[in-house]
Amino acid sequence: MEEMPKTYDPQVTEPKMLDKWLNGGYYQRGPEKRPGAGDCTVVIPPPNVTGKLHMGHALDDSIQDAIVRQARMRGRSTRWIFGTDHAGIATQTKVDKKLKEEGKNRLEMGREAFIDACWDWTHEYGGIIQQQIRRMGCSIDFEDERFTMDPDYAEAVRRVFCDWYHDGLIYRGKRIVNWCPSCTTAISDDEAEYKDEKGHLWHLRYPLTEPVNGQEYIVVATTRPETMLGDTGVAVSPKDPEKAAFVGKTVKLPIVDREIPIFEDWHVDAGFGSGFVKVTPAHDPNDYAMGEAHGLEKINIFDEHAVVVDGYGEFSGLTRDECREKVVAWFEEHGLLDHIEEHDHSVMHCYRCDSTLEPWLSEQWFVAVDKLKGPAMEAVTSGKVRFNAERWKQSYLTWMENLKDWCISRQLWWGHRIPVFYCEDCGWEDALMEDVDVCPKCGGHHVHQDENVLDTWFSSQLWTFATQGWPQHPEQLEGHHPTTALVTARDIIALWVARMIMSSLYFLDEIPFHDVVIYPTVLAKDGSRMSKSKGNGVDPMDLMDKYGADAMRFNLLSLFTNNQDVRFDADFDKQKNFLGSARTEQAKAFLTKIWNASRFLLMNMEGYTPGEPVAETAADAWMFSRLAKTVGQVTEGIESYAFGDVARSLQSFFWNEVCDWYIEVTKTRLSDAEARLQAQRNLIFVLDTSLRLMHPLMPFATEAIWETMPASWLDADGERAEALMVADWPEPAAYERWINEPAERAFELTRAVVTDVRSTRARYRISPKEQLGVDVRANSDEVAEAIRGMAEFICAFARVSPLDITTEEVAEKPEGSIVLAGADFDAYILVGDLVDFAAERARIEKAIAKAEKELAGAEKTLANEGFIAKAAPEVVAKKRERAEELKAEIGALAAQLADFA
């Protein structure tokens, strides 16, 4: 076995282990090793082909890799499917920008040349995120990479469209859609981003064609005065009796001189504005619904760039903003501008280019969801598909209950072109699996394909089964579908998760996955969204360059909880350069601890031969019991996706119990010729098991240590695996025989006594060479007997003499002693003249006075309302944090002072 380097350097270790795994072919899908172990198939949420790894990806991929690595070690047939999404709008926007920089234009190039340019972009930039994911150590079968525009995948997309079209689930209709005038395409409701903006509420006067109760005009309130050019009605609430006299009357619409009716409709809020609402059916979803109900004309006043169309005189050719300004000026000029109010409201923006979206009447393709949503809801309510955390189940169901028909057409060139063909000669139309240029009905040659492409989410909804051979080879799905778990973000539960369930149930009559694991959103240190523009975004590559992939992964997994959001503690300088992350530094320190402890043990293995672990000492029995319980906790934790608990459990166990206690306790046996071999076997058993447990979370360091280890009792029949990642997982059932509650109880009491002695030495700076007497007053015979059984160990390990143990109550505190009270016993540490009680009392009282003075000042400052209002939030937070630190410090000092009472 190769000797471990003296220091742990992730930049040296990680590339070596990555080469080992890739060259060994361990990532590739293979048959299960253990009969009946089953399958673990996971699909990666396909990142955009134009994308780069961000913190959400890093957490998502760390979770998936932990799931897959554990399953592989448990003998399951594992497959982790990697791939990327063609990302229609995102890619087209990138290519458009690149062409513009080159002085080119896609409209001048034509569709075919532009698509070629998109492919060139994909080939040039598509591999970036794959290389980054490799760097993380994600054990994906990269030789089986998929892309949503691959020929076989495109065939699956086309099959779904054609089948749904012929089954009556896909139709073309003229509806209000969210239109991006910059990208010139429809955007789904779920892709629109709402932003709060400061705006105005304009109150406009519309003249009545005939006075009503002496009133010659009504006042409508609107946030969008420019759309009044397309008004075809005015609505009032049925619950507003003051407006009843106006119902059935008409107004003469200013500027366009159009006569439009006043009617009642339940969409109207009587308390909004004046109670009269202008209705523009072609430019507002609610107005569209009212227009449908009352037979109003739908007039589109904007073109695809949100410019006023011809026919509106001086207003034609104006942008939305220009038209708004000119309409308001016209109303003011003609005495019809009643008044203007400040009004904050939420406005939809394009999630790609950030342009304000325009509700726009447009002919689009839709999926009718009524037949799909019922089974998809039942799959979740029945528990066939489980959400982790459970609360996301209700989010999913609420969204499904309110689900509207899905607009699937996009006015782009890059993507899956809608496979519908039309004949200009006879009017024939059909969705086909193969392209045609001759009409099958009349034989005419004037046949053309629909110009639109499909929404990116239409193709990605097939990800679990179109990546595994469907529809060409459905037999490949056998045993691998439904997949095990989908790990994803909460913001695409509606966009992707729900649609995957609907399509899988429809085409395969089975769910796409058993579990949906929603990971928390990783926020900046101050709780805001990470972003490059804000200078608070962290590039996972920077983290890996500074700390290594293992440290980044372990820290991220330790953050995984059932909370919606977690904060990442990154620090930046004034130039917004990344400085570091204290928590990731701590994770690296833990890796260093694992490395150093392992190196120490492996340097003391001379004469070692594999053999069964045997609990020869009380420390062995305690350690084996704790190890067995940790095996159970980690195994169950990964199975239930409780990765934060798993990470914290592993760190506490290995650092606090294995390193700080068991290795220290067992060191002396390594120099005892008779005890040495069994001590070695026990230590290697504990280390080997620990490395296997830690491997899914920290694969690089654990693999590097394991390959330098000798064979252990865990290697069946002496056959050692080629790599840790394909070694057997420690199964809880095999470790149950070591669970020993009495041994744990006895050793924990012993640790408590030793800790009391050590803390007293540290507090009063007493040399570890000094022998200290200890009186233990146990609260029960059981506690007393347990400590007596470990007396020899306590005396040797804590340098205690004498050690008296009794259950009798103390009449008075022994002279020259420090008392440490506990739940099971009180320990009187006899320090005698080693401590100057008077001097210590004076020192502590002085320290308390100083801390109390500083605390009083801090509390006075925090009580100052002017300070709270004017100071920066981080300054206030720091002051509050310091006040809490001072309170804790005063409490600890007061406890010390009690020692001298």
# chains A, B, ... in the order shown; residues from 1 in each chain; ligands from 1

call {"tool": "select_by_dssp", "arguments": {"residues": "range 612-780 of chain A", "states": "strand (DSSP E)", "output": "VMD selection string"}}
result
chain A and resid 772 to 778

call {"tool": "residues_around", "arguments": {"residues": "Leu336 in chain A", "least_positions_apart": "3", "cutoff": "12 Å", "atoms": "only C-alpha atoms", "output": "list of chain:residue names"}}
result
A:Trp202, A:His203, A:Leu204, A:Arg205, A:Tyr206, A:Pro207, A:Glu216, A:Tyr217, A:Ile218, A:Val219, A:Val220, A:Leu253, A:Pro254, A:Ile255, A:Val327, A:Val328, A:Ala329, A:Trp330, A:Phe331, A:Glu332, A:Glu333, A:His339, A:Ile340

call {"tool": "atom_distance", "arguments": {"atom1": "CA of Ala675 in chain A", "atom2": "CA of Leu693 in chain A"}}
result
27.3 Å

call {"tool": "residues_around", "arguments": {"residues": "range 612-616 of chain A", "least_positions_apart": "2", "cutoff": "9 Å", "atoms": "only C-alpha atoms", "output": "PDB file with N, CA, C and O atoms, in the first residue's frame"}}
result
ATOM      1  N   PRO A 610      -5.300  -8.906   8.850  1.00  0.00           N
ATOM      2  CA  PRO A 610      -6.752  -8.749   8.998  1.00  0.00           C
ATOM      3  C   PRO A 610      -7.324  -9.776   9.969  1.00  0.00           C
ATOM      4  O   PRO A 610      -6.839 -10.893  10.073  1.00  0.00           O
ATOM      5  N   ALA A 618     -13.513  -1.696  27.620  1.00  0.00           N
ATOM      6  CA  ALA A 618     -14.750  -0.911  27.732  1.00  0.00           C
ATOM      7  C   ALA A 618     -14.830   0.124  26.619  1.00  0.00           C
ATOM      8  O   ALA A 618     -15.909   0.413  26.091  1.00  0.00           O
ATOM      9  N   ALA A 619     -13.668   0.690  26.249  1.00  0.00           N
ATOM     10  CA  ALA A 619     -13.641   1.679  25.161  1.00  0.00           C
ATOM     11  C   ALA A 619     -14.032   1.020  23.837  1.00  0.00           C
ATOM     12  O   ALA A 619     -14.745   1.617  23.017  1.00  0.00           O
ATOM     13  N   ASP A 620     -13.572  -0.217  23.613  1.00  0.00           N
ATOM     14  CA  ASP A 620     -13.947  -0.952  22.398  1.00  0.00           C
ATOM     15  C   ASP A 620     -15.460  -1.152  22.344  1.00  0.00           C
ATOM     16  O   ASP A 620     -16.099  -0.902  21.314  1.00  0.00           O
ATOM     17  N   ALA A 621     -16.011  -1.622  23.459  1.00  0.00           N
ATOM     18  CA  ALA A 621     -17.445  -1.910  23.498  1.00  0.00           C
ATOM     19  C   ALA A 621     -18.249  -0.639  23.241  1.00  0.00           C
ATOM     20  O   ALA A 621     -19.250  -0.655  22.510  1.00  0.00           O
ATOM     21  N   TRP A 622     -17.824   0.474  23.865  1.00  0.00           N
ATOM     22  CA  TRP A 622     -18.499   1.766  23.633  1.00  0.00           C
ATOM     23  C   TRP A 622     -18.381   2.187  22.174  1.00  0.00           C
ATOM     24  O   TRP A 622     -19.364   2.574  21.549  1.00  0.00           O
ATOM     25  N   MET A 623     -17.164   2.080  21.643  1.00  0.00           N
ATOM     26  CA  MET A 623     -16.929   2.539  20.269  1.00  0.00           C
ATOM     27  C   MET A 623     -17.722   1.718  19.271  1.00  0.00           C
ATOM     28  O   MET A 623     -18.345   2.270  18.344  1.00  0.00           O
ATOM     29  N   PHE A 624     -17.723   0.394  19.421  1.00  0.00           N
ATOM     30  CA  PHE A 624     -18.449  -0.457  18.482  1.00  0.00           C
ATOM     31  C   PHE A 624     -19.952  -0.173  18.529  1.00  0.00           C
ATOM     32  O   PHE A 624     -20.643  -0.201  17.513  1.00  0.00           O
ATOM     33  N   GLN A 678      -4.872  -6.897  18.196  1.00  0.00           N
ATOM     34  CA  GLN A 678      -6.325  -6.709  18.275  1.00  0.00           C
ATOM     35  C   GLN A 678      -6.694  -5.226  18.261  1.00  0.00           C
ATOM     36  O   GLN A 678      -7.714  -4.838  17.665  1.00  0.00           O
ATOM     37  N   ALA A 679      -5.847  -4.403  18.882  1.00  0.00           N
ATOM     38  CA  ALA A 679      -6.091  -2.958  18.840  1.00  0.00           C
ATOM     39  C   ALA A 679      -6.022  -2.457  17.400  1.00  0.00           C
ATOM     40  O   ALA A 679      -6.848  -1.630  16.971  1.00  0.00           O
ATOM     41  N   ARG A 681      -6.593  -4.205  14.654  1.00  0.00           N
ATOM     42  CA  ARG A 681      -7.774  -4.699  13.931  1.00  0.00           C
ATOM     43  C   ARG A 681      -9.013  -3.869  14.275  1.00  0.00           C
ATOM     44  O   ARG A 681      -9.815  -3.545  13.404  1.00  0.00           O
ATOM     45  N   ASN A 682      -9.147  -3.545  15.544  1.00  0.00           N
ATOM     46  CA  ASN A 682     -10.309  -2.753  15.955  1.00  0.00           C
ATOM     47  C   ASN A 682     -10.266  -1.351  15.349  1.00  0.00           C
ATOM     48  O   ASN A 682     -11.282  -0.825  14.877  1.00  0.00           O
ATOM     49  N   LEU A 683      -9.077  -0.737  15.366  1.00  0.00           N
ATOM     50  CA  LEU A 683      -8.937   0.612  14.808  1.00  0.00           C
ATOM     51  C   LEU A 683      -9.190   0.623  13.306  1.00  0.00           C
ATOM     52  O   LEU A 683      -9.868   1.522  12.787  1.00  0.00           O
ATOM     53  N   ILE A 684      -8.664  -0.354  12.593  1.00  0.00           N
ATOM     54  CA  ILE A 684      -8.874  -0.424  11.144  1.00  0.00           C
ATOM     55  C   ILE A 684     -10.350  -0.679  10.840  1.00  0.00           C
ATOM     56  O   ILE A 684     -10.923  -0.109   9.896  1.00  0.00           O
ATOM     57  N   PHE A 685     -10.997  -1.510  11.650  1.00  0.00           N
ATOM     58  CA  PHE A 685     -12.430  -1.772  11.483  1.00  0.00           C
ATOM     59  C   PHE A 685     -13.235  -0.482  11.617  1.00  0.00           C
ATOM     60  O   PHE A 685     -14.100  -0.173  10.798  1.00  0.00           O
ATOM     61  N   VAL A 686     -12.933   0.299  12.660  1.00  0.00           N
ATOM     62  CA  VAL A 686     -13.659   1.557  12.884  1.00  0.00           C
ATOM     63  C   VAL A 686     -13.348   2.552  11.774  1.00  0.00           C
ATOM     64  O   VAL A 686     -14.254   3.212  11.247  1.00  0.00           O
ATOM     65  N   SER A 712      -9.331  -5.097   5.548  1.00  0.00           N
ATOM     66  CA  SER A 712      -9.909  -5.178   6.885  1.00  0.00           C
ATOM     67  C   SER A 712     -10.865  -6.360   6.944  1.00  0.00           C
ATOM     68  O   SER A 712     -11.137  -7.022   5.939  1.00  0.00           O
ATOM     69  N   TRP A 713     -11.409  -6.573   8.122  1.00  0.00           N
ATOM     70  CA  TRP A 713     -12.376  -7.660   8.316  1.00  0.00           C
ATOM     71  C   TRP A 713     -13.606  -7.464   7.436  1.00  0.00           C
ATOM     72  O   TRP A 713     -14.304  -8.415   7.108  1.00  0.00           O
ATOM     73  N   LEU A 714     -13.856  -6.201   7.008  1.00  0.00           N
ATOM     74  CA  LEU A 714     -15.025  -5.911   6.184  1.00  0.00           C
ATOM     75  C   LEU A 714     -14.883  -6.437   4.757  1.00  0.00           C
ATOM     76  O   LEU A 714     -15.881  -6.564   4.049  1.00  0.00           O
ATOM     77  N   TRP A 738     -23.332  -5.316  17.782  1.00  0.00           N
ATOM     78  CA  TRP A 738     -22.393  -4.548  18.604  1.00  0.00           C
ATOM     79  C   TRP A 738     -23.080  -3.477  19.450  1.00  0.00           C
ATOM     80  O   TRP A 738     -22.415  -2.816  20.249  1.00  0.00           O
TER      81      TRP A 738
END

call {"tool": "residues_around", "arguments": {"residues": "range 161-167 of chain A", "least_positions_apart": "6", "cutoff": "7 Å", "atoms": "only C-alpha atoms", "output": "PyMOL selection string"}}
result
chain A and resi 431-433

call {"tool": "write_last_selection", "arguments": {"atoms": "all heavy atoms", "output": "PDB file, in the first residue's frame"}}
result
ATOM      1  N   ALA A 431     -50.809  16.622 -37.819  1.00  0.00           N
ATOM      2  CA  ALA A 431     -49.536  16.459 -37.117  1.00  0.00           C
ATOM      3  C   ALA A 431     -48.947  15.127 -37.539  1.00  0.00           C
ATOM      4  O   ALA A 431     -49.612  14.088 -37.429  1.00  0.00           O
ATOM      5  CB  ALA A 431     -49.744  16.493 -35.610  1.00  0.00           C
ATOM      6  N   LEU A 432     -47.697  15.137 -38.009  1.00  0.00           N
ATOM      7  CA  LEU A 432     -47.096  13.943 -38.600  1.00  0.00           C
ATOM      8  C   LEU A 432     -45.744  13.621 -37.994  1.00  0.00           C
ATOM      9  O   LEU A 432     -45.001  14.527 -37.586  1.00  0.00           O
ATOM     10  CB  LEU A 432     -46.920  14.147 -40.111  1.00  0.00           C
ATOM     11  CG  LEU A 432     -48.172  14.498 -40.927  1.00  0.00           C
ATOM     12  CD1 LEU A 432     -47.781  14.811 -42.351  1.00  0.00           C
ATOM     13  CD2 LEU A 432     -49.185  13.364 -40.857  1.00  0.00           C
ATOM     14  N   MET A 433     -45.425  12.347 -37.958  1.00  0.00           N
ATOM     15  CA  MET A 433     -44.125  11.909 -37.472  1.00  0.00           C
ATOM     16  C   MET A 433     -43.027  12.128 -38.500  1.00  0.00           C
ATOM     17  O   MET A 433     -41.845  12.196 -38.148  1.00  0.00           O
ATOM     18  CB  MET A 433     -44.183  10.424 -37.074  1.00  0.00           C
ATOM     19  CG  MET A 433     -44.917  10.149 -35.778  1.00  0.00           C
ATOM     20  SD  MET A 433     -44.156  10.961 -34.336  1.00  0.00           S
ATOM     21  CE  MET A 433     -42.570  10.120 -34.260  1.00  0.00           C
TER      22      MET A 433
END

call {"tool": "residues_around", "arguments": {"residues": "range 656-661 of chain A", "least_positions_apart": "2", "cutoff": "9 Å", "atoms": "only C-alpha atoms", "output": "PyMOL selection string"}}
result
chain A and resi 593-594+597+619+623+626+651-654+663-666+686-687+751

call {"tool": "residues_around", "arguments": {"residues": "range 891-895 of chain A", "least_positions_apart": "5", "cutoff": "10 Å", "atoms": "only C-alpha atoms", "output": "list in words"}}
result
Leu820, Arg843, Ile844, Glu845, Ala847, Ile848, Ala851, Glu885, Leu886 and Phe900 of chain A

call {"tool": "select_by_dssp", "arguments": {"residues": "range 329-533 of chain A", "states": "helix (DSSP H, G or I)", "output": "ChimeraX atom specification"}}
result
/A:329-333,370-381,391-401,456-460,463-466,474-477,490-508

call {"tool": "closest_residue", "arguments": {"among": "A:Phe272, A:Phe82, A:Phe793, A:Phe643", "to": "Arg146 in chain A", "atoms": "only C-alpha atoms"}}
result
A:Phe82

call {"tool": "residues_around", "arguments": {"residues": "Gly75 in chain A", "least_positions_apart": "2", "cutoff": "8 Å", "atoms": "only C-alpha atoms", "output": "PyMOL selection string"}}
result
chain A and resi 32-34+37+71-73+77+728

call {"tool": "closest_residue", "arguments": {"among": "A:Cys407, A:Val754, A:Val367, A:Ala746", "to": "Arg788 in chain A", "atoms": "only C-alpha atoms"}}
result
A:Ala746

call {"tool": "closest_residue", "arguments": {"among": "A:Gly374, A:Pro285, A:Pro742, A:Pro699", "to": "Gly137 in chain A", "atoms": "only C-alpha atoms"}}
result
A:Pro699

call {"tool": "atom_distance", "arguments": {"atom1": "CA of Ser346 in chain A", "atom2": "CA of Asn286 in chain A"}}
result
15.6 Å

call {"tool": "atom_distance", "arguments": {"atom1": "CA of Phe421 in chain A", "atom2": "CA of His446 in chain A"}}
result
10.3 Å

call {"tool": "closest_residue", "arguments": {"among": "A:Val757, A:Ala701, A:Ala871, A:Met790", "to": "Val12 in chain A", "atoms": "only C-alpha atoms"}}
result
A:Ala701

call {"tool": "closest_residue", "arguments": {"among": "A:Cys40, A:Ile739, A:Ala827, A:Ala192", "to": "Gly773 in chain A", "atoms": "only C-alpha atoms"}}
result
A:Ala827

call {"tool": "closest_residue", "arguments": {"among": "A:Thr227, A:Ser503, A:Thr185, A:Asn555", "to": "Leu591 in chain A", "atoms": "only C-alpha atoms"}}
result
A:Asn555

call {"tool": "decode", "arguments": {"residues": "range 710-734 of chain A", "atoms": "N, CA, C and O atoms", "output": "compact mmCIF listing (two decimals), in the first residue's frame"}}
result
# COMPACT_ATOMS: atom_id res chain seq x y z
N PRO A 710 -4.69 -1.20 4.56
CA PRO A 710 -4.65 -2.66 4.37
C PRO A 710 -6.08 -3.20 4.36
O PRO A 710 -7.03 -2.52 4.72
N ALA A 711 -6.20 -4.45 3.95
CA ALA A 711 -7.53 -5.09 3.97
C ALA A 711 -8.02 -5.16 5.41
O ALA A 711 -7.24 -5.25 6.36
N SER A 712 -9.33 -5.10 5.55
CA SER A 712 -9.91 -5.18 6.89
C SER A 712 -10.87 -6.36 6.94
O SER A 712 -11.14 -7.02 5.94
N TRP A 713 -11.41 -6.57 8.12
CA TRP A 713 -12.38 -7.66 8.32
C TRP A 713 -13.61 -7.46 7.44
O TRP A 713 -14.30 -8.42 7.11
N LEU A 714 -13.86 -6.20 7.01
CA LEU A 714 -15.02 -5.91 6.18
C LEU A 714 -14.88 -6.44 4.76
O LEU A 714 -15.88 -6.56 4.05
N ASP A 715 -13.66 -6.69 4.33
CA ASP A 715 -13.45 -7.22 2.98
C ASP A 715 -13.75 -8.71 2.97
O ASP A 715 -12.98 -9.52 3.49
N ALA A 716 -14.90 -9.04 2.37
CA ALA A 716 -15.39 -10.43 2.41
C ALA A 716 -14.37 -11.39 1.80
O ALA A 716 -13.88 -11.18 0.69
N ASP A 717 -14.07 -12.43 2.55
CA ASP A 717 -13.17 -13.50 2.09
C ASP A 717 -11.83 -12.96 1.61
O ASP A 717 -11.17 -13.55 0.74
N GLY A 718 -11.41 -11.83 2.17
CA GLY A 718 -10.13 -11.27 1.79
C GLY A 718 -10.10 -10.61 0.43
O GLY A 718 -9.05 -10.17 -0.03
N GLU A 719 -11.25 -10.58 -0.25
CA GLU A 719 -11.31 -9.96 -1.57
C GLU A 719 -11.58 -8.47 -1.42
O GLU A 719 -12.69 -8.05 -1.13
N ARG A 720 -10.55 -7.68 -1.57
CA ARG A 720 -10.69 -6.24 -1.39
C ARG A 720 -11.15 -5.60 -2.70
O ARG A 720 -10.63 -5.90 -3.77
N ALA A 721 -12.12 -4.70 -2.61
CA ALA A 721 -12.63 -4.01 -3.80
C ALA A 721 -11.54 -3.16 -4.43
O ALA A 721 -10.59 -2.74 -3.77
N GLU A 722 -11.67 -2.91 -5.73
CA GLU A 722 -10.67 -2.11 -6.45
C GLU A 722 -10.69 -0.65 -6.01
O GLU A 722 -9.70 0.05 -6.13
N ALA A 723 -11.84 -0.21 -5.53
CA ALA A 723 -11.98 1.18 -5.12
C ALA A 723 -13.02 1.26 -4.03
O ALA A 723 -13.94 0.43 -3.97
N LEU A 724 -12.91 2.27 -3.20
CA LEU A 724 -13.89 2.45 -2.14
C LEU A 724 -15.28 2.66 -2.72
O LEU A 724 -16.27 2.18 -2.15
N MET A 725 -15.39 3.36 -3.83
CA MET A 725 -16.71 3.67 -4.37
C MET A 725 -17.47 2.43 -4.81
O MET A 725 -18.69 2.49 -4.99
N VAL A 726 -16.78 1.31 -4.98
CA VAL A 726 -17.47 0.06 -5.32
C VAL A 726 -17.31 -0.98 -4.21
O VAL A 726 -17.61 -2.16 -4.41
N ALA A 727 -16.83 -0.54 -3.05
CA ALA A 727 -16.77 -1.44 -1.89
C ALA A 727 -18.16 -1.56 -1.28
O ALA A 727 -19.06 -0.77 -1.56
N ASP A 728 -18.36 -2.56 -0.42
CA ASP A 728 -19.67 -2.78 0.18
C ASP A 728 -20.01 -1.70 1.21
O ASP A 728 -19.14 -1.25 1.97
N TRP A 729 -21.26 -1.34 1.24
CA TRP A 729 -21.78 -0.40 2.23
C TRP A 729 -21.95 -1.12 3.57
O TRP A 729 -22.36 -2.28 3.60
N PRO A 730 -21.66 -0.46 4.69
CA PRO A 730 -21.91 -1.08 5.99
C PRO A 730 -23.42 -1.17 6.25
O PRO A 730 -24.07 -0.15 6.47
N GLU A 731 -23.97 -2.34 6.19
CA GLU A 731 -25.42 -2.49 6.37
C GLU A 731 -25.76 -2.53 7.87
O GLU A 731 -25.11 -3.26 8.64
N PRO A 732 -26.76 -1.79 8.29
CA PRO A 732 -27.10 -1.72 9.72
C PRO A 732 -27.33 -3.08 10.37
O PRO A 732 -26.92 -3.29 11.52
N ALA A 733 -27.95 -4.00 9.64
CA ALA A 733 -28.26 -5.31 10.23
C ALA A 733 -26.99 -6.05 10.65
O ALA A 733 -26.98 -6.79 11.65
N ALA A 734 -25.91 -5.84 9.90
CA ALA A 734 -24.66 -6.53 10.20
C ALA A 734 -23.97 -5.95 11.44
O ALA A 734 -23.07 -6.57 12.00
